[in-house]
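Trainee: My structure is stored as structure-v7.txt, with compact mmCIF, N, CA and C atoms.
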```
# COMPACT_ATOMS: atom_id res chain seq x y z
N MET A 1 47.41 87.68 42.40
CA MET A 1 48.26 88.84 42.35
C MET A 1 47.52 90.07 42.92
N LYS A 2 46.23 90.08 42.74
CA LYS A 2 45.44 91.21 43.24
C LYS A 2 45.55 91.32 44.75
N GLU A 3 45.56 90.19 45.42
CA GLU A 3 45.65 90.21 46.88
C GLU A 3 46.98 90.81 47.35
N GLU A 4 48.05 90.44 46.67
CA GLU A 4 49.37 90.94 47.05
C GLU A 4 49.45 92.45 46.86
N ILE A 5 48.90 92.99 45.75
CA ILE A 5 48.91 94.43 45.50
C ILE A 5 48.09 95.15 46.58
N ALA A 6 46.95 94.57 46.94
CA ALA A 6 46.12 95.18 47.98
C ALA A 6 46.88 95.25 49.30
N LYS A 7 47.65 94.21 49.62
CA LYS A 7 48.43 94.21 50.87
C LYS A 7 49.50 95.30 50.82
N ILE A 8 50.15 95.44 49.67
CA ILE A 8 51.20 96.47 49.53
C ILE A 8 50.58 97.87 49.71
N LEU A 9 49.45 98.12 49.06
CA LEU A 9 48.79 99.42 49.17
C LEU A 9 48.35 99.70 50.61
N LYS A 10 47.91 98.70 51.31
CA LYS A 10 47.50 98.86 52.70
C LYS A 10 48.70 99.23 53.56
N MET A 11 49.85 98.58 53.25
CA MET A 11 51.07 98.89 54.00
C MET A 11 51.48 100.36 53.77
N VAL A 12 51.30 100.86 52.54
CA VAL A 12 51.60 102.26 52.24
C VAL A 12 50.63 103.15 53.02
N GLU A 13 49.37 102.81 53.00
CA GLU A 13 48.33 103.58 53.70
C GLU A 13 48.62 103.66 55.19
N GLU A 14 49.07 102.56 55.76
CA GLU A 14 49.36 102.51 57.20
C GLU A 14 50.70 103.18 57.53
N GLY A 15 51.48 103.50 56.48
CA GLY A 15 52.76 104.15 56.71
C GLY A 15 53.88 103.18 57.02
N LYS A 16 53.69 101.93 56.79
CA LYS A 16 54.71 100.92 57.07
C LYS A 16 55.81 100.95 56.01
N ILE A 17 55.45 101.29 54.77
CA ILE A 17 56.43 101.41 53.69
C ILE A 17 56.15 102.67 52.89
N THR A 18 57.19 103.13 52.17
CA THR A 18 57.02 104.33 51.35
C THR A 18 56.45 103.93 50.00
N ALA A 19 56.05 104.93 49.21
CA ALA A 19 55.52 104.69 47.87
C ALA A 19 56.59 104.09 46.98
N ASP A 20 57.85 104.55 47.11
CA ASP A 20 58.95 103.99 46.31
C ASP A 20 59.17 102.51 46.63
N GLU A 21 59.09 102.18 47.91
CA GLU A 21 59.25 100.77 48.32
C GLU A 21 58.08 99.93 47.77
N ALA A 22 56.90 100.53 47.76
CA ALA A 22 55.73 99.82 47.23
C ALA A 22 55.91 99.54 45.74
N VAL A 23 56.45 100.53 45.00
CA VAL A 23 56.69 100.34 43.56
C VAL A 23 57.67 99.19 43.36
N LYS A 24 58.75 99.20 44.14
CA LYS A 24 59.75 98.12 44.00
C LYS A 24 59.11 96.75 44.30
N LEU A 25 58.29 96.72 45.34
CA LEU A 25 57.62 95.45 45.69
C LEU A 25 56.69 95.01 44.55
N MET A 26 55.94 95.96 43.98
CA MET A 26 55.02 95.61 42.90
C MET A 26 55.78 95.16 41.65
N GLU A 27 56.93 95.77 41.36
CA GLU A 27 57.73 95.34 40.21
C GLU A 27 58.25 93.92 40.44
N ALA A 28 58.72 93.69 41.65
CA ALA A 28 59.21 92.34 41.98
C ALA A 28 58.07 91.32 41.89
N LEU A 29 56.93 91.76 42.37
CA LEU A 29 55.75 90.88 42.32
C LEU A 29 55.37 90.58 40.87
N HIS A 30 55.38 91.62 40.04
CA HIS A 30 55.05 91.46 38.63
C HIS A 30 56.05 90.52 37.96
N ASP A 31 57.34 90.70 38.23
CA ASP A 31 58.38 89.84 37.65
C ASP A 31 58.19 88.39 38.09
N SER A 32 57.81 88.22 39.37
CA SER A 32 57.59 86.87 39.90
C SER A 32 56.44 86.19 39.18
N PHE A 33 55.34 86.94 39.00
CA PHE A 33 54.19 86.34 38.31
C PHE A 33 54.51 86.10 36.84
N ALA A 34 55.28 87.00 36.22
CA ALA A 34 55.67 86.81 34.82
C ALA A 34 56.54 85.55 34.70
N PHE A 35 57.45 85.36 35.67
CA PHE A 35 58.30 84.16 35.65
C PHE A 35 57.45 82.90 35.81
N ASP A 36 56.49 82.94 36.74
CA ASP A 36 55.60 81.79 36.95
C ASP A 36 54.81 81.49 35.68
N ASP A 37 54.33 82.55 35.02
CA ASP A 37 53.60 82.35 33.76
C ASP A 37 54.50 81.71 32.72
N TYR A 38 55.77 82.18 32.67
CA TYR A 38 56.72 81.61 31.71
C TYR A 38 56.98 80.13 32.03
N VAL A 39 57.22 79.85 33.30
CA VAL A 39 57.48 78.47 33.71
C VAL A 39 56.26 77.62 33.41
N ASN A 40 55.09 78.10 33.76
CA ASN A 40 53.87 77.33 33.51
C ASN A 40 53.65 77.14 32.02
N SER A 41 53.86 78.17 31.22
CA SER A 41 53.63 78.01 29.78
C SER A 41 54.67 77.06 29.19
N ASP A 42 55.93 77.15 29.66
CA ASP A 42 56.96 76.23 29.17
C ASP A 42 56.60 74.79 29.56
N PHE A 43 56.16 74.62 30.79
CA PHE A 43 55.75 73.29 31.24
C PHE A 43 54.58 72.77 30.42
N ASN A 44 53.60 73.65 30.20
CA ASN A 44 52.44 73.25 29.40
C ASN A 44 52.83 72.88 27.98
N ASP A 45 53.75 73.65 27.40
CA ASP A 45 54.24 73.32 26.05
C ASP A 45 54.92 71.95 26.03
N LYS A 46 55.74 71.73 27.06
CA LYS A 46 56.43 70.44 27.13
C LYS A 46 55.43 69.29 27.29
N MET A 47 54.41 69.52 28.09
CA MET A 47 53.39 68.48 28.28
C MET A 47 52.61 68.22 26.99
N ARG A 48 52.30 69.27 26.25
CA ARG A 48 51.60 69.10 24.96
C ARG A 48 52.47 68.30 24.00
N ARG A 49 53.76 68.66 23.93
CA ARG A 49 54.67 67.92 23.03
C ARG A 49 54.80 66.48 23.47
N PHE A 50 54.89 66.27 24.78
CA PHE A 50 54.97 64.90 25.29
C PHE A 50 53.71 64.12 24.91
N GLY A 51 52.55 64.75 25.08
CA GLY A 51 51.28 64.10 24.72
C GLY A 51 51.24 63.74 23.24
N LYS A 52 51.69 64.65 22.39
CA LYS A 52 51.71 64.37 20.94
C LYS A 52 52.69 63.25 20.62
N ASP A 53 53.87 63.31 21.26
CA ASP A 53 54.86 62.25 21.03
C ASP A 53 54.35 60.90 21.51
N ALA A 54 53.71 60.90 22.66
CA ALA A 54 53.16 59.64 23.19
C ALA A 54 52.06 59.12 22.27
N GLU A 55 51.22 60.00 21.78
CA GLU A 55 50.15 59.58 20.87
C GLU A 55 50.73 58.99 19.59
N THR A 56 51.75 59.67 19.02
CA THR A 56 52.39 59.16 17.81
C THR A 56 53.02 57.79 18.07
N PHE A 57 53.71 57.67 19.21
CA PHE A 57 54.35 56.40 19.56
C PHE A 57 53.31 55.28 19.70
N LEU A 58 52.23 55.57 20.41
CA LEU A 58 51.21 54.55 20.64
C LEU A 58 50.49 54.17 19.35
N LYS A 59 50.29 55.13 18.45
CA LYS A 59 49.69 54.80 17.16
C LYS A 59 50.60 53.86 16.39
N GLY A 60 51.90 54.11 16.46
CA GLY A 60 52.87 53.23 15.80
C GLY A 60 52.85 51.82 16.38
N VAL A 61 52.79 51.75 17.71
CA VAL A 61 52.72 50.44 18.38
C VAL A 61 51.44 49.72 17.97
N GLY A 62 50.34 50.46 17.94
CA GLY A 62 49.06 49.87 17.53
C GLY A 62 49.11 49.33 16.11
N ALA A 63 49.71 50.09 15.21
CA ALA A 63 49.83 49.65 13.81
C ALA A 63 50.68 48.38 13.72
N LYS A 64 51.77 48.34 14.49
CA LYS A 64 52.64 47.16 14.47
C LYS A 64 51.91 45.94 15.06
N MET A 65 51.16 46.16 16.14
CA MET A 65 50.40 45.05 16.73
C MET A 65 49.33 44.55 15.76
N ASN A 66 48.69 45.46 15.08
CA ASN A 66 47.67 45.08 14.10
C ASN A 66 48.31 44.24 12.99
N GLY A 67 49.48 44.67 12.52
CA GLY A 67 50.20 43.89 11.50
C GLY A 67 50.60 42.52 12.02
N PHE A 68 51.04 42.47 13.27
CA PHE A 68 51.43 41.19 13.88
C PHE A 68 50.25 40.23 13.94
N VAL A 69 49.10 40.76 14.37
CA VAL A 69 47.90 39.91 14.49
C VAL A 69 47.49 39.42 13.11
N LYS A 70 47.51 40.30 12.11
CA LYS A 70 47.13 39.90 10.76
C LYS A 70 48.11 38.85 10.22
N ASP A 71 49.37 38.98 10.57
CA ASP A 71 50.37 38.01 10.12
C ASP A 71 50.20 36.67 10.83
N MET A 72 49.85 36.70 12.10
CA MET A 72 49.72 35.46 12.88
C MET A 72 48.42 34.71 12.63
N GLU A 73 47.38 35.39 12.22
CA GLU A 73 46.07 34.76 12.07
C GLU A 73 46.10 33.53 11.16
N PRO A 74 46.65 33.61 9.95
CA PRO A 74 46.65 32.40 9.11
C PRO A 74 47.51 31.29 9.72
N LYS A 75 48.57 31.66 10.41
CA LYS A 75 49.43 30.64 11.03
C LYS A 75 48.68 29.92 12.15
N VAL A 76 47.94 30.67 12.94
CA VAL A 76 47.17 30.06 14.02
C VAL A 76 46.07 29.16 13.44
N ARG A 77 45.44 29.62 12.36
CA ARG A 77 44.42 28.79 11.71
C ARG A 77 45.01 27.47 11.22
N ASN A 78 46.20 27.52 10.61
CA ASN A 78 46.84 26.29 10.12
C ASN A 78 47.19 25.35 11.27
N VAL A 79 47.71 25.91 12.34
CA VAL A 79 48.05 25.07 13.50
C VAL A 79 46.77 24.43 14.06
N THR A 80 45.71 25.20 14.14
CA THR A 80 44.44 24.68 14.66
C THR A 80 43.92 23.55 13.79
N LYS A 81 43.96 23.73 12.46
CA LYS A 81 43.51 22.67 11.55
C LYS A 81 44.35 21.41 11.73
N THR A 82 45.65 21.58 11.86
CA THR A 82 46.54 20.43 12.05
C THR A 82 46.21 19.69 13.34
N VAL A 83 46.02 20.45 14.42
CA VAL A 83 45.70 19.82 15.72
C VAL A 83 44.37 19.07 15.63
N VAL A 84 43.37 19.67 15.00
CA VAL A 84 42.07 19.02 14.87
C VAL A 84 42.19 17.75 14.03
N ALA A 85 42.91 17.82 12.93
CA ALA A 85 43.07 16.66 12.05
C ALA A 85 43.80 15.53 12.78
N ARG A 86 44.87 15.87 13.47
CA ARG A 86 45.63 14.83 14.19
C ARG A 86 44.81 14.24 15.32
N THR A 87 44.05 15.08 16.02
CA THR A 87 43.20 14.57 17.11
C THR A 87 42.15 13.62 16.55
N ALA A 88 41.54 13.99 15.43
CA ALA A 88 40.55 13.11 14.81
C ALA A 88 41.19 11.79 14.41
N GLY A 89 42.41 11.84 13.88
CA GLY A 89 43.12 10.61 13.51
C GLY A 89 43.40 9.73 14.72
N ILE A 90 43.79 10.34 15.82
CA ILE A 90 44.08 9.57 17.04
C ILE A 90 42.79 8.94 17.57
N VAL A 91 41.70 9.68 17.56
CA VAL A 91 40.42 9.15 18.03
C VAL A 91 40.00 7.97 17.15
N GLU A 92 40.19 8.10 15.86
CA GLU A 92 39.83 7.01 14.94
C GLU A 92 40.68 5.77 15.21
N GLU A 93 41.99 5.96 15.43
CA GLU A 93 42.87 4.84 15.73
C GLU A 93 42.48 4.17 17.06
N LEU A 94 42.15 4.99 18.06
CA LEU A 94 41.71 4.42 19.35
C LEU A 94 40.43 3.60 19.18
N GLY A 95 39.49 4.12 18.39
CA GLY A 95 38.25 3.39 18.13
C GLY A 95 38.52 2.04 17.48
N LYS A 96 39.40 2.03 16.49
CA LYS A 96 39.74 0.77 15.82
C LYS A 96 40.40 -0.20 16.80
N ALA A 97 41.31 0.32 17.62
CA ALA A 97 42.00 -0.55 18.59
C ALA A 97 41.01 -1.13 19.59
N LEU A 98 40.08 -0.31 20.06
CA LEU A 98 39.08 -0.83 21.00
C LEU A 98 38.18 -1.86 20.34
N ASN A 99 37.78 -1.62 19.10
CA ASN A 99 36.97 -2.61 18.38
C ASN A 99 37.74 -3.92 18.21
N ASP A 100 39.05 -3.83 17.89
CA ASP A 100 39.87 -5.04 17.75
C ASP A 100 39.92 -5.81 19.07
N ILE A 101 40.09 -5.07 20.17
CA ILE A 101 40.15 -5.72 21.48
C ILE A 101 38.82 -6.41 21.79
N LEU A 102 37.72 -5.70 21.55
CA LEU A 102 36.40 -6.29 21.81
C LEU A 102 36.15 -7.50 20.92
N ASP A 103 36.55 -7.42 19.66
CA ASP A 103 36.38 -8.57 18.76
C ASP A 103 37.21 -9.77 19.22
N SER A 104 38.41 -9.51 19.73
CA SER A 104 39.27 -10.61 20.17
C SER A 104 38.73 -11.26 21.45
N MET A 105 37.93 -10.53 22.21
CA MET A 105 37.39 -11.07 23.45
C MET A 105 36.19 -11.97 23.19
N GLY A 106 35.63 -11.89 22.05
CA GLY A 106 34.50 -12.74 21.73
C GLY A 106 33.23 -12.17 22.28
N ASN A 107 32.28 -13.07 22.56
CA ASN A 107 30.96 -12.67 23.05
C ASN A 107 31.03 -12.43 24.55
N VAL A 108 31.27 -11.23 24.95
CA VAL A 108 31.34 -10.89 26.36
C VAL A 108 30.14 -10.01 26.68
N CYS A 109 29.45 -10.38 27.72
CA CYS A 109 28.25 -9.63 28.09
C CYS A 109 28.67 -8.27 28.64
N ALA A 110 28.04 -7.25 28.11
CA ALA A 110 28.33 -5.89 28.56
C ALA A 110 27.26 -5.38 29.50
N GLY A 111 26.41 -6.23 29.97
CA GLY A 111 25.38 -5.81 30.89
C GLY A 111 24.07 -5.53 30.19
N PRO A 112 23.19 -4.78 30.83
CA PRO A 112 21.85 -4.54 30.29
C PRO A 112 21.87 -3.86 28.92
N GLU A 113 22.94 -3.17 28.58
CA GLU A 113 23.01 -2.48 27.30
C GLU A 113 23.03 -3.43 26.11
N CYS A 114 23.41 -4.67 26.33
CA CYS A 114 23.56 -5.58 25.19
C CYS A 114 22.42 -6.61 25.11
N LYS A 115 21.34 -6.40 25.74
CA LYS A 115 20.24 -7.35 25.71
C LYS A 115 19.79 -7.66 24.29
N ASP A 116 19.92 -6.67 23.40
CA ASP A 116 19.52 -6.91 22.02
C ASP A 116 20.39 -7.98 21.36
N ALA A 117 21.63 -8.10 21.81
CA ALA A 117 22.52 -9.09 21.22
C ALA A 117 22.18 -10.49 21.71
N GLY A 118 21.52 -10.61 22.81
CA GLY A 118 21.10 -11.91 23.31
C GLY A 118 22.12 -12.58 24.19
N CYS A 119 23.27 -12.01 24.37
CA CYS A 119 24.30 -12.69 25.15
C CYS A 119 23.93 -12.74 26.63
N CYS A 120 23.29 -11.72 27.13
CA CYS A 120 22.92 -11.70 28.55
C CYS A 120 21.94 -12.82 28.86
N GLU A 121 20.99 -13.03 27.97
CA GLU A 121 20.00 -14.07 28.20
C GLU A 121 20.65 -15.44 28.16
N GLU A 122 21.63 -15.61 27.24
CA GLU A 122 22.33 -16.90 27.16
C GLU A 122 23.13 -17.15 28.42
N GLU A 123 23.84 -16.11 28.90
CA GLU A 123 24.64 -16.28 30.10
C GLU A 123 23.76 -16.52 31.32
N ALA A 124 22.64 -15.82 31.39
CA ALA A 124 21.73 -16.00 32.52
C ALA A 124 21.19 -17.42 32.52
N GLY A 125 20.88 -17.95 31.36
CA GLY A 125 20.39 -19.32 31.26
C GLY A 125 21.45 -20.31 31.67
N ALA A 126 22.69 -20.07 31.31
CA ALA A 126 23.79 -20.96 31.67
C ALA A 126 23.98 -20.97 33.18
N GLU A 127 23.86 -19.82 33.83
CA GLU A 127 24.02 -19.75 35.28
C GLU A 127 22.91 -20.54 35.98
N VAL A 128 21.70 -20.45 35.46
CA VAL A 128 20.58 -21.18 36.07
C VAL A 128 20.82 -22.67 35.95
N LYS A 129 21.30 -23.13 34.76
CA LYS A 129 21.57 -24.55 34.55
C LYS A 129 22.66 -25.03 35.48
N GLU A 130 23.71 -24.22 35.67
CA GLU A 130 24.81 -24.61 36.55
C GLU A 130 24.32 -24.75 37.99
N GLU A 131 23.46 -23.85 38.41
CA GLU A 131 22.95 -23.91 39.78
C GLU A 131 22.09 -25.15 39.97
N ALA A 132 21.31 -25.51 38.98
CA ALA A 132 20.44 -26.68 39.08
C ALA A 132 21.27 -27.96 39.12
N ALA A 133 22.38 -27.99 38.39
CA ALA A 133 23.20 -29.19 38.32
C ALA A 133 24.05 -29.36 39.56
N ALA A 134 24.35 -28.33 40.26
CA ALA A 134 25.22 -28.43 41.43
C ALA A 134 24.46 -29.05 42.59
N PRO A 135 25.09 -30.02 43.26
CA PRO A 135 24.43 -30.65 44.40
C PRO A 135 24.37 -29.70 45.58
N GLU A 136 23.29 -29.81 46.31
CA GLU A 136 23.14 -28.97 47.49
C GLU A 136 23.90 -29.61 48.63
N PRO A 137 24.55 -28.80 49.42
CA PRO A 137 25.33 -29.37 50.53
C PRO A 137 24.38 -29.98 51.58
N GLU A 138 24.83 -31.17 52.07
CA GLU A 138 24.02 -31.86 53.07
C GLU A 138 24.31 -31.32 54.45
N GLU A 139 23.28 -31.29 55.23
CA GLU A 139 23.48 -30.83 56.59
C GLU A 139 23.92 -32.02 57.44
N GLU A 140 24.93 -31.75 58.19
CA GLU A 140 25.43 -32.83 59.05
C GLU A 140 24.56 -32.90 60.29
N SER A 141 24.25 -34.10 60.67
CA SER A 141 23.43 -34.24 61.85
C SER A 141 24.33 -34.14 63.05
N ARG A 142 23.80 -33.55 64.03
CA ARG A 142 24.61 -33.37 65.24
C ARG A 142 24.19 -34.42 66.26
N GLU A 143 25.11 -35.19 66.58
CA GLU A 143 24.84 -36.20 67.59
C GLU A 143 25.73 -35.93 68.76
N ASN A 144 25.16 -35.59 69.79
CA ASN A 144 25.96 -35.36 71.00
C ASN A 144 25.30 -36.01 72.17
```
Written as structure tokens, how would this file's structure read?
Mentor:
Amino acid sequence: MKEEIAKILKMVEEGKITADEAVKLMEALHDSFAFDDYVNSDFNDKMRRFGKDAETFLKGVGAKMNGFVKDMEPKVRNVTKTVVARTAGIVEELGKALNDILDSMGNVCAGPECKDAGCCEEEAGAEVKEEAAAPEPEEESREN
């Protein structure tokens, strides 16, 4: 506002406007700045109220979310316990079924892991005996 008043006074000094015209310009200028201050203060008040309303709203949402989480926590724990218990039951049933299958198959060599059981050594011995008992193929003589 100071700059505008200085320009008006300079115009009076240069003789471009009269003192009465300068007063009218300064009053108009003052009214303009007063209006801007009013608009700015009204806007600022509205923004403060909006901020307070938003804060109150968000605190309410936060409280509701906190209540929701507290309400859901025991339910989630129960579901988790149920899932774990059922999974353990399924694993136990699968183990029993696999053991039943293995028992029904009899003595089947599982490779180097079962050497303690002795089945691999028995099977290896049987293979050696079979090879010894099998006749070797005779070579045909070629007569041409």
Trainee: Mind giving me the straight-line distance from CA of Asn66 (chain A) to CA of Phe50 (chain A) in Å, one decimal?
Mentor: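 Taking CA of Asn66 (chain A) and CA of Phe50 (chain A), their separation equals 23.9 Å.
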Trainee: Measure the distance from atom C of Gly89 (chain A) to atom N of Lys75 (chain A) in Å and round it to one decimal.
Mentor: 22.9 Å
Trainee: What's the separation between CA of Asn44 (chain A) and atom C of Gly60 (chain A), in Å to one decimal place?
Mentor: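 Going from CA of Asn44 (chain A) over to atom C of Gly60 (chain A), I get 25.1 Å.
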